[in-house]
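Below: the structure, in structure tokens.
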Amino acid sequence: MKKILLTGALGQIGSELTMKLRDIYGDTNVIATDIRDNGSDVVKSGPFEILDVTDAKGMFHIAKKYDVDTVVHLAALLSATAEAKPLLAWNLNMGGLVNALEVARELNTQFFTPSSIGAFGPMTPKDLTPQDTIQRPTTMYGVNKVAGELLCDYYYHKFGVDTRGLRFPGLISYVAPPGGGTTDYAVEIYYEALKNGKYTSYIDKNTYMDMMYMPDALNAIVDLMEADPAALSHRNSFNVTAMSFEPEQIAAEIRKHIPNFRIDYNVDPVRQTIADSWPNSIDCTSAKEEWGFKAEYDLEKMTVDMLDKLKVKLGV
């Protein structure tokens, strides 16, 4: 990666990945794009362009203008939002992906887009979900992700586009606010613990889901994109994970630092149904063997860092 076009740069992953890539490759070599300008460091610290990813000509024009050699496509509606607006999710998630892949094909660039544990479904093995297994998701988001994995494989085999991707679990970050995902409770709980000393979870107790702290996710993206392509048997859907927990466990970890913290439950049927269709834990052996994936943060280490960083951010 030398000159990178990044879509969805103001989202949960993009707002941090843009800054990390600029630190590594130089501010002027990472062209951030999003559908809005929020005046953040992402906008101010390097090239920024307004882009609706459903605008194929606009995306191609920006990529050509900056002579990019890598496209990182992040723009998408997340799971809960996609379920509320399924037609919009299909048009944005799939239309934007096709446009980004076409840019990569026409300009002969490297390509990355994330997949998700949402690509699995209720028929998928729940524990230590294999890299290669049945995928029959029951949500629009999941359908988008499975279709996206297959489409990226197609562009690699048909056109030789160097496509790569990761199946992310829930991502936890203190930087960007939650963006409509099923696993957002694991971000919100830290904010509420510091602000109010209590949290009402929309996900029920004993609901295990895979999670990852954002620093590990960002490192995984860079490591995969820099990996020797000859070593990659899989390309567009590597399982990656750092931890699996249920709400009571994260609450217990928070109590080590905020002893009076309380968690209650008001289960959201839509997001609970989505969570129940996902794995309890996934197997990331292929990522470890093919390009050396390793997560640094577990629940204990992440909780310490989240609370420390949020205390500063919230002024508490």
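Chain lettering (A, B, ...) mirrors the order of the structure tokens, residue numbering begins at 1 for each chain separately, and ligand numbering begins at 1 in order of display.
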Contacts of Asp305 in chain A at 10 Å (only C-alpha atoms; same-chain gap of 5+ positions) as a PyMOL selection string: chain A and resi 173-174+213+297+300+310-311
Please identify which residues in range 182-278 of chain A DSSP calls strand (DSSP E) from the backbone, and express them as an MDAnalysis selection string. chainID A and resid 198:201 209:213 238:239 243:245 262:265
Can you pull out the residues contacting Leu314 in chain A? Cut-off 9 Å, using only C-alpha atoms, and skip same-chain residues under 5 positions away; I want them as a PDB file with C-alpha atoms, in the first residue's frame.
ATOM      1  CA  TYR A 191     -19.792   4.952  28.590  1.00  0.00           C
ATOM      2  CA  LEU A 194     -18.530   5.969  33.832  1.00  0.00           C
ATOM      3  CA  LYS A 195     -21.389   8.435  33.392  1.00  0.00           C
ATOM      4  CA  LYS A 309      -9.298   6.499  27.702  1.00  0.00           C
TER       5      LYS A 309
END
Tell me which protein, DNA and RNA residues are within 7 Å of Cys152 in chain A, counting only C-alpha atoms, leaving out same-chain ones fewer than 3 positions away, and put them as JSON, numbers by chain. {"A": [148, 149, 155, 156, 163, 236]}
Once DSSP has gone over the backbone, tell me which residues of range 130-304 of chain A are in alpha helix (DSSP H), as a PyMOL selection string. chain A and resi 140-159+185-196+214-226+247-255+269-276+285-291+299-304
